[in-house]
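final_8.pdb (PDB, C-alpha atoms)
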ATOM      1  CA  THR D1459     -92.383 -29.144  10.443
ATOM      2  CA  LYS D1460     -89.363 -27.819   8.605
ATOM      3  CA  ALA D1461     -88.521 -31.079   6.891
ATOM      4  CA  VAL D1462     -86.762 -31.687   3.623
ATOM      5  CA  ASP D1463     -86.777 -35.241   2.317
ATOM      6  CA  LEU D1464     -84.216 -36.354  -0.213
ATOM      7  CA  VAL D1465     -86.227 -39.151  -1.770
ATOM      8  CA  GLY D1466     -84.367 -41.854  -3.671
ATOM      9  CA  SER D1467     -86.525 -43.529  -6.322
ATOM     10  CA  LEU D1468     -85.256 -46.709  -7.953
ATOM     11  CA  PHE D1469     -86.171 -47.364 -11.538
ATOM     12  CA  GLY D1470     -84.913 -50.033 -13.860
ATOM     13  CA  SER D1471     -85.310 -52.543 -16.643
ATOM     14  CA  SER D1472     -83.711 -55.921 -17.245
ATOM     15  CA  LYS D1473     -80.494 -54.072 -18.131
ATOM     16  CA  VAL D1474     -80.486 -50.902 -16.088
ATOM     17  CA  VAL D1475     -81.192 -50.337 -12.423
ATOM     18  CA  ALA D1476     -80.220 -46.931 -11.154
ATOM     19  CA  LYS D1477     -81.116 -44.569  -8.371
ATOM     20  CA  VAL D1478     -82.507 -41.142  -9.121
ATOM     21  CA  ALA D1479     -83.371 -38.495  -6.600
ATOM     22  CA  ALA D1480     -85.515 -35.410  -6.273
ATOM     23  CA  LEU D1481     -85.779 -32.834  -3.562
ATOM     24  CA  PHE D1482     -89.167 -32.454  -1.917
ATOM     25  CA  VAL D1483     -89.044 -29.037  -0.338
ATOM     26  CA  LYS D1484     -91.807 -28.230   2.152
ATOM     27  CA  GLU D1485     -90.952 -24.561   2.498
ATOM     28  CA  PRO D1486     -91.624 -21.674   0.076
ATOM     29  CA  THR D1487     -88.020 -20.456   0.096
ATOM     30  CA  LEU D1488     -84.576 -21.957   0.502
ATOM     31  CA  GLY D1489     -82.901 -19.940   3.226
ATOM     32  CA  ALA D1490     -79.454 -20.073   4.692
ATOM     33  CA  ALA D1491     -80.540 -22.687   7.242
ATOM     34  CA  PHE D1492     -81.610 -25.113   4.507
ATOM     35  CA  ALA D1493     -78.423 -24.472   2.548
ATOM     36  CA  GLN D1494     -76.463 -25.258   5.705
ATOM     37  CA  ALA D1495     -78.399 -28.471   6.276
ATOM     38  CA  LEU D1496     -77.913 -29.548   2.672
ATOM     39  CA  ALA D1497     -74.173 -28.912   2.808
ATOM     40  CA  ASN D1498     -73.795 -30.558   6.220
ATOM     41  CA  PRO D1499     -76.742 -32.830   7.156
ATOM     42  CA  SER D1500     -75.331 -33.401  10.643
ATOM     43  CA  SER D1501     -75.428 -29.691  11.406
ATOM     44  CA  GLY D1502     -79.171 -29.627  12.042
ATOM     45  CA  GLY D1503     -79.567 -26.491   9.938
ATOM     46  CA  ALA D1504     -81.888 -24.661  12.368
ATOM     47  CA  GLY D1505     -84.594 -27.304  12.303
ATOM     48  CA  TYR D1506     -84.138 -28.720   8.814
ATOM     49  CA  SER D1507     -83.514 -32.412   8.351
ATOM     50  CA  ILE D1508     -82.476 -34.449   5.331
ATOM     51  CA  SER D1509     -83.214 -38.124   4.859
ATOM     52  CA  GLU D1510     -83.050 -40.623   2.029
ATOM     53  CA  VAL D1511     -85.959 -42.998   1.493
ATOM     54  CA  GLU D1512     -86.020 -45.891  -0.957
ATOM     55  CA  VAL D1513     -89.561 -46.092  -2.304
ATOM     56  CA  GLY D1514     -89.362 -49.036  -4.696
ATOM     57  CA  MET D1515     -88.842 -50.154  -8.297
ATOM     58  CA  VAL D1516     -90.290 -48.656 -11.457
ATOM     59  CA  GLY D1517     -90.187 -50.657 -14.681
ATOM     60  CA  VAL D1518     -89.081 -48.830 -17.827
ATOM     61  CA  PRO D1519     -88.635 -49.917 -21.461
ATOM     62  CA  LEU D1520     -85.524 -51.945 -22.223
ATOM     63  CA  ASN D1521     -82.520 -49.768 -23.001
ATOM     64  CA  GLY D1522     -78.768 -49.954 -23.390
ATOM     65  CA  ASP D1523     -75.684 -47.774 -23.156
ATOM     66  CA  PRO D1524     -75.358 -45.248 -25.990
ATOM     67  CA  PRO D1525     -72.521 -45.425 -28.516
ATOM     68  CA  ASN D1526     -69.977 -42.631 -28.584
ATOM     69  CA  ALA D1527     -71.097 -39.721 -30.746
ATOM     70  CA  ALA D1528     -69.525 -39.200 -34.162
ATOM     71  CA  VAL D1529     -68.354 -35.605 -34.607
ATOM     72  CA  GLN D1530     -66.610 -33.575 -37.280
ATOM     73  CA  GLY D1531     -62.843 -33.249 -37.113
ATOM     74  CA  SER D1532     -62.038 -35.338 -34.046
ATOM     75  CA  ALA D1533     -62.411 -38.664 -32.289
ATOM     76  CA  PRO D1534     -65.995 -39.577 -31.304
ATOM     77  CA  LEU D1535     -67.275 -37.822 -28.194
ATOM     78  CA  ALA D1536     -67.682 -40.055 -25.149
ATOM     79  CA  THR D1537     -71.331 -40.351 -24.098
ATOM     80  CA  ILE D1538     -70.369 -42.378 -20.969
ATOM     81  CA  ASP D1539     -73.361 -44.690 -20.337
ATOM     82  CA  ALA D1540     -77.110 -44.873 -19.648
ATOM     83  CA  ARG D1541     -77.053 -43.572 -16.078
ATOM     84  CA  PRO D1542     -79.792 -41.044 -15.117
ATOM     85  CA  LEU D1543     -78.485 -37.518 -15.648
ATOM     86  CA  GLY D1544     -80.917 -35.517 -13.554
ATOM     87  CA  ALA D1545     -84.310 -35.495 -11.903
ATOM     88  CA  VAL D1546     -86.874 -32.897 -10.873
ATOM     89  CA  PHE D1547     -90.038 -33.161  -8.815
ATOM     90  CA  GLN D1548     -93.004 -31.103  -9.979
ATOM     91  CA  ALA D1549     -96.727 -31.296  -9.200
ATOM     92  CA  GLY D1550     -96.588 -34.825  -7.811
ATOM     93  CA  SER D1551     -94.429 -36.332 -10.553
ATOM     94  CA  LEU D1552     -90.765 -37.259 -10.746
ATOM     95  CA  TRP D1553     -89.207 -36.399 -14.114
ATOM     96  CA  THR D1554     -85.883 -37.898 -15.148
ATOM     97  CA  LEU D1555     -83.926 -38.779 -18.279
ATOM     98  CA  HIS D1556     -80.812 -40.428 -19.647
ATOM     99  CA  CYS D1557     -78.899 -41.183 -22.844
ATOM    100  CA  ILE D1558     -79.507 -44.521 -24.553
ATOM    101  CA  ASP D1559     -78.744 -46.451 -27.733
ATOM    102  CA  VAL D1560     -81.392 -45.746 -30.390
ATOM    103  CA  GLY D1561     -80.680 -47.663 -33.575
ATOM    104  CA  GLY D1562     -76.917 -47.379 -33.203
ATOM    105  CA  ARG D1563     -76.931 -43.677 -32.296
ATOM    106  CA  ALA D1564     -77.076 -41.851 -28.975
ATOM    107  CA  GLY D1565     -80.547 -40.595 -28.142
ATOM    108  CA  VAL D1566     -82.467 -39.105 -25.222
ATOM    109  CA  ARG D1567     -85.038 -41.063 -23.207
ATOM    110  CA  TRP D1568     -87.189 -39.175 -20.672
ATOM    111  CA  TYR D1569     -89.749 -40.323 -18.111
ATOM    112  CA  GLN D1570     -92.586 -38.923 -16.035
ATOM    113  CA  ILE D1571     -92.947 -41.169 -12.974
ATOM    114  CA  ASN D1572     -95.676 -41.333 -10.350
ATOM    115  CA  PRO D1573     -93.713 -41.961  -7.113
ATOM    116  CA  GLY D1574     -96.885 -42.960  -5.291
ATOM    117  CA  THR D1575     -97.832 -45.824  -7.605
ATOM    118  CA  LEU D1576     -94.284 -46.509  -8.882
ATOM    119  CA  THR D1577     -95.444 -46.366 -12.499
ATOM    120  CA  THR D1578     -94.433 -44.377 -15.558
ATOM    121  CA  GLN D1579     -97.036 -41.810 -16.560
ATOM    122  CA  GLN D1580     -95.335 -41.248 -19.889
ATOM    123  CA  VAL D1581     -92.086 -42.087 -21.656
ATOM    124  CA  GLY D1582     -90.553 -40.263 -24.609
ATOM    125  CA  THR D1583     -87.521 -40.618 -26.867
ATOM    126  CA  ILE D1584     -85.659 -37.949 -28.828
ATOM    127  CA  ASP D1585     -83.487 -39.265 -31.645
ATOM    128  CA  ASP D1586     -82.401 -38.611 -35.215
ATOM    129  CA  PRO D1587     -81.484 -40.888 -38.150
ATOM    130  CA  VAL D1588     -78.078 -39.159 -38.493
ATOM    131  CA  ARG D1589     -77.323 -36.997 -35.467
ATOM    132  CA  HIS D1590     -76.409 -38.201 -31.967
ATOM    133  CA  TYR D1591     -78.088 -36.509 -28.987
ATOM    134  CA  PHE D1592     -76.399 -36.926 -25.615
ATOM    135  CA  PHE D1593     -75.925 -35.539 -22.084
ATOM    136  CA  PRO D1594     -79.557 -34.445 -21.694
ATOM    137  CA  SER D1595     -81.022 -32.303 -18.905
ATOM    138  CA  ILE D1596     -84.614 -31.500 -17.971
ATOM    139  CA  ALA D1597     -86.716 -28.844 -16.278
ATOM    140  CA  VAL D1598     -90.481 -28.760 -15.663
ATOM    141  CA  ASN D1599     -92.586 -25.756 -14.685
ATOM    142  CA  ALA D1600     -95.671 -25.656 -12.473
ATOM    143  CA  SER D1601     -97.912 -25.808 -15.551
ATOM    144  CA  GLY D1602     -96.413 -29.169 -16.520
ATOM    145  CA  ASP D1603     -94.506 -27.815 -19.517
ATOM    146  CA  VAL D1604     -91.125 -29.458 -20.091
ATOM    147  CA  GLY D1605     -87.817 -28.133 -21.390
ATOM    148  CA  LEU D1606     -84.985 -30.461 -22.396
ATOM    149  CA  GLY D1607     -81.452 -29.505 -23.370
ATOM    150  CA  PHE D1608     -78.740 -31.756 -24.781
ATOM    151  CA  ALA D1609     -75.619 -31.862 -26.924
ATOM    152  CA  GLY D1610     -75.731 -33.011 -30.540
ATOM    153  CA  SER D1611     -73.295 -33.958 -33.300
ATOM    154  CA  HIS D1612     -72.673 -36.147 -36.335
ATOM    155  CA  ALA D1613     -69.687 -36.950 -38.539
ATOM    156  CA  GLY D1614     -70.216 -33.806 -40.621
ATOM    157  CA  GLU D1615     -71.019 -31.458 -37.740
ATOM    158  CA  PHE D1616     -69.142 -30.053 -34.742
ATOM    159  CA  GLY D1617     -70.656 -30.689 -31.318
ATOM    160  CA  GLY D1618     -73.365 -28.136 -30.518
ATOM    161  CA  ALA D1619     -76.214 -27.290 -28.162
ATOM    162  CA  TRP D1620     -79.763 -28.495 -28.886
ATOM    163  CA  TYR D1621     -83.147 -28.368 -27.183
ATOM    164  CA  ALA D1622     -86.709 -29.640 -27.354
ATOM    165  CA  GLY D1623     -89.839 -29.162 -25.279
ATOM    166  CA  ARG D1624     -93.451 -30.028 -24.728
ATOM    167  CA  LYS D1625     -96.600 -28.381 -23.443
ATOM    168  CA  SER D1626     -98.632 -30.123 -20.770
ATOM    169  CA  THR D1627    -101.437 -30.420 -23.350
ATOM    170  CA  ASP D1628     -99.296 -32.294 -25.892
ATOM    171  CA  ALA D1629     -99.882 -35.986 -26.549
ATOM    172  CA  ALA D1630     -98.175 -38.289 -24.047
ATOM    173  CA  GLY D1631     -94.567 -39.024 -24.891
ATOM    174  CA  GLN D1632     -94.328 -36.309 -27.533
ATOM    175  CA  THR D1633     -91.919 -33.362 -27.721
ATOM    176  CA  SER D1634     -91.224 -30.702 -30.304
ATOM    177  CA  PRO D1635     -88.621 -31.568 -32.952
ATOM    178  CA  PRO D1636     -85.092 -30.863 -31.707
ATOM    179  CA  ALA D1637     -83.846 -27.355 -32.519
ATOM    180  CA  GLN D1638     -80.318 -26.021 -32.489
ATOM    181  CA  LEU D1639     -79.550 -23.459 -29.806
ATOM    182  CA  LYS D1640     -75.879 -22.947 -30.694
ATOM    183  CA  ALA D1641     -73.902 -24.552 -33.503
ATOM    184  CA  GLY D1642     -70.459 -25.925 -32.753
ATOM    185  CA  VAL D1643     -67.613 -23.819 -34.123
ATOM    186  CA  ALA D1644     -64.544 -26.084 -33.969
ATOM    187  CA  SER D1645     -63.323 -29.626 -33.544
ATOM    188  CA  TYR D1646     -62.823 -30.857 -29.992
ATOM    189  CA  GLN D1647     -60.427 -33.304 -28.393
ATOM    190  CA  LEU D1648     -59.807 -33.705 -24.665
ATOM    191  CA  PHE D1649     -58.847 -37.265 -23.792
ATOM    192  CA  ASP D1650     -59.031 -38.627 -20.263
ATOM    193  CA  GLY D1651     -56.779 -41.282 -18.777
ATOM    194  CA  ALA D1652     -58.903 -44.020 -20.341
ATOM    195  CA  GLY D1653     -58.544 -42.546 -23.837
ATOM    196  CA  ARG D1654     -62.092 -41.184 -24.014
ATOM    197  CA  ASN D1655     -62.769 -37.867 -25.743
ATOM    198  CA  ARG D1656     -64.679 -36.217 -22.889
ATOM    199  CA  TRP D1657     -67.305 -33.648 -23.865
ATOM    200  CA  GLY D1658     -67.890 -32.095 -20.439
ATOM    201  CA  ASP D1659     -70.350 -34.906 -19.554
ATOM    202  CA  TYR D1660     -73.303 -32.666 -18.681
ATOM    203  CA  THR D1661     -75.756 -29.985 -19.759
ATOM    204  CA  ASN D1662     -78.126 -27.992 -17.576
ATOM    205  CA  THR D1663     -81.685 -26.821 -18.201
ATOM    206  CA  THR D1664     -83.392 -24.632 -15.597
ATOM    207  CA  LEU D1665     -86.454 -22.495 -15.007
ATOM    208  CA  ASP D1666     -86.231 -18.712 -15.214
ATOM    209  CA  PRO D1667     -85.952 -17.633 -11.539
ATOM    210  CA  ILE D1668     -88.062 -14.541 -12.225
ATOM    211  CA  ASP D1669     -91.212 -15.972 -13.771
ATOM    212  CA  GLY D1670     -90.813 -19.648 -12.843
ATOM    213  CA  GLN D1671     -92.276 -20.649 -16.222
ATOM    214  CA  SER D1672     -89.720 -19.951 -18.936
ATOM    215  CA  PHE D1673     -86.774 -22.249 -19.616
TER
END
In structure tokens, write the structure found in this file.
Amino acid sequence: TKAVDLVGSLFGSSKVVAKVAALFVKEPTLGAAFAQALANPSSGGAGYSISEVEVGMVGVPLNGDPPNAAVQGSAPLATIDARPLGAVFQAGSLWTLHCIDVGGRAGVRWYQINPGTLTTQQVGTIDDPVRHYFFPSIAVNASGDVGLGFAGSHAGEFGGAWYAGRKSTDAAGQTSPPAQLKAGVASYQLFDGAGRNRWGDYTNTTLDPIDGQSF
């Protein structure tokens, strides 16, 4: 059947319980009918259907909200909180990540979750003794390789773009050391109504649409 399930997976610790979602697509391509169904679930979308299913709880290591990120030349950048910032489903696993407090700095925590057994297959953390890493995003290819992108800064550095990755053959929970994709070039201040210096709130990491392997 032409069915698309929007599956909500709950994961949490004693401090954080949040809902993350991944799209399970049972068709080789996303046509106009699916796009219509996604935009307007009540439309029917030529045979497509969308449903949300709560599958249970997954325990993760204790974590807390990240501190705001020190940055050169301006007020600290708001890192918001420890909510999940994205999820992808690949080869039977749900991959997700968020920003957490790691020794008084913002860091990245990522998870590979088995939605069938409601267990973590691996958990990893990306952090630095000086630099904050925040607003992470994740992509996973069919080979099980992982790409992660995130922002980074410290008191002597403008906010910039950073990345890390792992091969499917790497040890569980391990990634490459963070590398800088683009250095920041100026100070940044954009306060919201609550007085927070908002740094866009998100990054995005995706697969190359041509080869489906590169990030």
Hits of the PyMOL selection byres ((chain D and resi 1586) around 12) in this structure, as a list in words: Asp1559, Val1560, Gly1561, Gly1562, Arg1563, Ala1564, Gly1565, Val1566, Thr1583, Ile1584, Asp1585, Pro1587, Val1588, Arg1589, His1590, Tyr1591, Phe1592, Gly1610, Ser1611, His1612, Pro1635, Pro1636 and Ala1637 of chain D
Could you please take those selected residues and save C-alpha atoms as a CSV table (one decimal), in the coordinates of the input?
chain,number,residue,atom,x,y,z
D,1559,ASP,CA,-78.7,-46.5,-27.7
D,1560,VAL,CA,-81.4,-45.7,-30.4
D,1561,GLY,CA,-80.7,-47.7,-33.6
D,1562,GLY,CA,-76.9,-47.4,-33.2
D,1563,ARG,CA,-76.9,-43.7,-32.3
D,1564,ALA,CA,-77.1,-41.9,-29.0
D,1565,GLY,CA,-80.5,-40.6,-28.1
D,1566,VAL,CA,-82.5,-39.1,-25.2
D,1583,THR,CA,-87.5,-40.6,-26.9
D,1584,ILE,CA,-85.7,-37.9,-28.8
D,1585,ASP,CA,-83.5,-39.3,-31.6
D,1587,PRO,CA,-81.5,-40.9,-38.2
D,1588,VAL,CA,-78.1,-39.2,-38.5
D,1589,ARG,CA,-77.3,-37.0,-35.5
D,1590,HIS,CA,-76.4,-38.2,-32.0
D,1591,TYR,CA,-78.1,-36.5,-29.0
D,1592,PHE,CA,-76.4,-36.9,-25.6
D,1610,GLY,CA,-75.7,-33.0,-30.5
D,1611,SER,CA,-73.3,-34.0,-33.3
D,1612,HIS,CA,-72.7,-36.1,-36.3
D,1635,PRO,CA,-88.6,-31.6,-33.0
D,1636,PRO,CA,-85.1,-30.9,-31.7
D,1637,ALA,CA,-83.8,-27.4,-32.5
What do you get, as a tab-separated table (two decimals) with C-alpha atoms, in the frame of the given file, if you spell out every residue that the PyMOL selection byres ((chain D and resi 1528) around 9) selects here?
chain	number	residue	atom	x	y	z
D	1525	PRO	CA	-72.52	-45.42	-28.52
D	1526	ASN	CA	-69.98	-42.63	-28.58
D	1527	ALA	CA	-71.10	-39.72	-30.75
D	1529	VAL	CA	-68.35	-35.60	-34.61
D	1530	GLN	CA	-66.61	-33.58	-37.28
D	1532	SER	CA	-62.04	-35.34	-34.05
D	1533	ALA	CA	-62.41	-38.66	-32.29
D	1534	PRO	CA	-66.00	-39.58	-31.30
D	1535	LEU	CA	-67.28	-37.82	-28.19
D	1563	ARG	CA	-76.93	-43.68	-32.30
D	1589	ARG	CA	-77.32	-37.00	-35.47
D	1590	HIS	CA	-76.41	-38.20	-31.97
D	1611	SER	CA	-73.30	-33.96	-33.30
D	1612	HIS	CA	-72.67	-36.15	-36.34
D	1613	ALA	CA	-69.69	-36.95	-38.54
D	1614	GLY	CA	-70.22	-33.81	-40.62
D	1615	GLU	CA	-71.02	-31.46	-37.74
Output check: residues returned by the PyMOL selection byres ((chain D and resi 1575) around 12), as a ChimeraX atom specification: /D:1467,1513-1517,1550-1552,1571-1574,1576-1579
Written selection (C-alpha atoms) as a PDB file, in the frame of the given file:
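Generated output (result-v5.pdb):
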ATOM      1  CA  SER D1467     -86.525 -43.529  -6.322  1.00  0.00           C
ATOM      2  CA  VAL D1513     -89.561 -46.092  -2.304  1.00  0.00           C
ATOM      3  CA  GLY D1514     -89.362 -49.036  -4.696  1.00  0.00           C
ATOM      4  CA  MET D1515     -88.842 -50.154  -8.297  1.00  0.00           C
ATOM      5  CA  VAL D1516     -90.290 -48.656 -11.457  1.00  0.00           C
ATOM      6  CA  GLY D1517     -90.187 -50.657 -14.681  1.00  0.00           C
ATOM      7  CA  GLY D1550     -96.588 -34.825  -7.811  1.00  0.00           C
ATOM      8  CA  SER D1551     -94.429 -36.332 -10.553  1.00  0.00           C
ATOM      9  CA  LEU D1552     -90.765 -37.259 -10.746  1.00  0.00           C
ATOM     10  CA  ILE D1571     -92.947 -41.169 -12.974  1.00  0.00           C
ATOM     11  CA  ASN D1572     -95.676 -41.333 -10.350  1.00  0.00           C
ATOM     12  CA  PRO D1573     -93.713 -41.961  -7.113  1.00  0.00           C
ATOM     13  CA  GLY D1574     -96.885 -42.960  -5.291  1.00  0.00           C
ATOM     14  CA  LEU D1576     -94.284 -46.509  -8.882  1.00  0.00           C
ATOM     15  CA  THR D1577     -95.444 -46.366 -12.499  1.00  0.00           C
ATOM     16  CA  THR D1578     -94.433 -44.377 -15.558  1.00  0.00           C
ATOM     17  CA  GLN D1579     -97.036 -41.810 -16.560  1.00  0.00           C
TER      18      GLN D1579
END
Atom pair atom CA of Asn1655 of chain D / atom CA of Gly1617 of chain D: separation (Å): 12.0 Å
Neighbour list for Ser1672 of chain D as a list of chain:residue names, cut-off 10 Å, only C-alpha atoms, skip fewer than 2 positions in-chain: D:Ala1597, D:Val1598, D:Asn1599, D:Asp1603, D:Val1604, D:Gly1605, D:Thr1664, D:Leu1665, D:Asp1666, D:Pro1667, D:Ile1668, D:Asp1669, D:Gly1670
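Ranking D:Pro1524, D:Gly1623, D:Gly1642, D:Gly1631 by their shortest atom-to-atom distance to Ile1596 of chain D, with only C-alpha atoms included, puts D:Gly1623 first.
Atom CA of Leu1606 of chain D lies 23.9 Å from atom CA of Ala1644 of chain D.
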Atom CA of Ser1645 of chain D to atom CA of His1556 of chain D, straight-line distance in Å: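 Computing the Euclidean distance for atom CA of His1556 of chain D and atom CA of Ser1645 of chain D yields 24.8 Å.
Proximity to Gln1632 of chain D at 9 Å, evaluated using only C-alpha atoms and with sequence-adjacent residues fewer than 2 positions away removed, yields Val1581, Gly1582, Thr1583, Ile1584, Gly1623, Arg1624, Asp1628, Ala1629, Ala1630 and Ser1634 of chain D.
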Output of the above residues as a PDB file, in the frame of the given file, restricted to C-alpha atoms:
ATOM      1  CA  VAL D1581     -92.086 -42.087 -21.656  1.00  0.00           C
ATOM      2  CA  GLY D1582     -90.553 -40.263 -24.609  1.00  0.00           C
ATOM      3  CA  THR D1583     -87.521 -40.618 -26.867  1.00  0.00           C
ATOM      4  CA  ILE D1584     -85.659 -37.949 -28.828  1.00  0.00           C
ATOM      5  CA  GLY D1623     -89.839 -29.162 -25.279  1.00  0.00           C
ATOM      6  CA  ARG D1624     -93.451 -30.028 -24.728  1.00  0.00           C
ATOM      7  CA  ASP D1628     -99.296 -32.294 -25.892  1.00  0.00           C
ATOM      8  CA  ALA D1629     -99.882 -35.986 -26.549  1.00  0.00           C
ATOM      9  CA  ALA D1630     -98.175 -38.289 -24.047  1.00  0.00           C
ATOM     10  CA  SER D1634     -91.224 -30.702 -30.304  1.00  0.00           C
TER      11      SER D1634
END
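Distance annotation: of D:Gln1548, D:Asn1521, D:Thr1627, D:Thr1537, the residue with the minimal separation from Arg1654 of chain D is D:Thr1537; atom set is only C-alpha atoms.
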Ref. answer, residues at most 9 Å from (-77.1, -39.5, -14.6) with only C-alpha atoms, as a PyMOL selection string: chain D and resi 1476-1478+1539-1545+1554-1557+1593+1660
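Minimum atom-to-atom distance to Pro1594 of chain D, evaluated using only C-alpha atoms, belongs to D:Thr1661 out of D:Tyr1569, D:Asp1650, D:Val1518, D:Thr1661.
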Of the listed residues D:Ala1641, D:Val1546, D:Ile1558, D:Val1511, that which approaches Asp1523 of chain D most closely, counting all atoms listed in the file: D:Ile1558
Incomplete segment 1573-1590 of chain D brought to N, CA and C atoms, written out as a compact mmCIF listing (two decimals), in the frame of the given file:
# COMPACT_ATOMS: atom_id res chain seq x y z
N PRO D 1573 -94.42 -41.30 -8.21
CA PRO D 1573 -93.71 -41.96 -7.11
C PRO D 1573 -94.64 -42.64 -6.12
N GLY D 1574 -95.93 -42.32 -6.19
CA GLY D 1574 -96.88 -42.96 -5.29
C GLY D 1574 -97.26 -44.36 -5.74
N THR D 1575 -97.44 -44.52 -7.06
CA THR D 1575 -97.83 -45.82 -7.60
C THR D 1575 -96.65 -46.58 -8.22
N LEU D 1576 -95.49 -45.92 -8.30
CA LEU D 1576 -94.28 -46.51 -8.88
C LEU D 1576 -94.53 -46.97 -10.32
N THR D 1577 -95.17 -46.09 -11.10
CA THR D 1577 -95.44 -46.37 -12.50
C THR D 1577 -95.01 -45.18 -13.35
N THR D 1578 -94.73 -45.45 -14.62
CA THR D 1578 -94.43 -44.38 -15.56
C THR D 1578 -95.75 -43.80 -16.08
N GLN D 1579 -95.87 -42.48 -16.01
CA GLN D 1579 -97.04 -41.81 -16.56
C GLN D 1579 -96.88 -41.57 -18.05
N GLN D 1580 -95.64 -41.32 -18.47
CA GLN D 1580 -95.34 -41.25 -19.89
C GLN D 1580 -93.83 -41.41 -20.08
N VAL D 1581 -93.48 -41.87 -21.28
CA VAL D 1581 -92.09 -42.09 -21.66
C VAL D 1581 -91.91 -41.53 -23.06
N GLY D 1582 -90.81 -40.81 -23.29
CA GLY D 1582 -90.55 -40.26 -24.61
C GLY D 1582 -89.10 -40.44 -25.02
N THR D 1583 -88.87 -40.46 -26.33
CA THR D 1583 -87.52 -40.62 -26.87
C THR D 1583 -87.26 -39.54 -27.91
N ILE D 1584 -86.08 -38.95 -27.86
CA ILE D 1584 -85.66 -37.95 -28.83
C ILE D 1584 -84.45 -38.51 -29.56
N ASP D 1585 -84.58 -38.69 -30.88
CA ASP D 1585 -83.49 -39.26 -31.64
C ASP D 1585 -83.52 -38.73 -33.07
N ASP D 1586 -82.53 -39.10 -33.84
CA ASP D 1586 -82.40 -38.61 -35.22
C ASP D 1586 -81.75 -39.71 -36.05
N PRO D 1587 -82.08 -39.83 -37.34
CA PRO D 1587 -81.48 -40.89 -38.15
C PRO D 1587 -80.00 -40.68 -38.44
N VAL D 1588 -79.48 -39.46 -38.21
CA VAL D 1588 -78.08 -39.16 -38.49
C VAL D 1588 -77.36 -38.62 -37.26
N ARG D 1589 -77.98 -37.71 -36.57
CA ARG D 1589 -77.32 -37.00 -35.47
C ARG D 1589 -77.44 -37.77 -34.15
N HIS D 1590 -76.39 -37.70 -33.33
CA HIS D 1590 -76.41 -38.20 -31.97
C HIS D 1590 -76.87 -37.08 -31.04
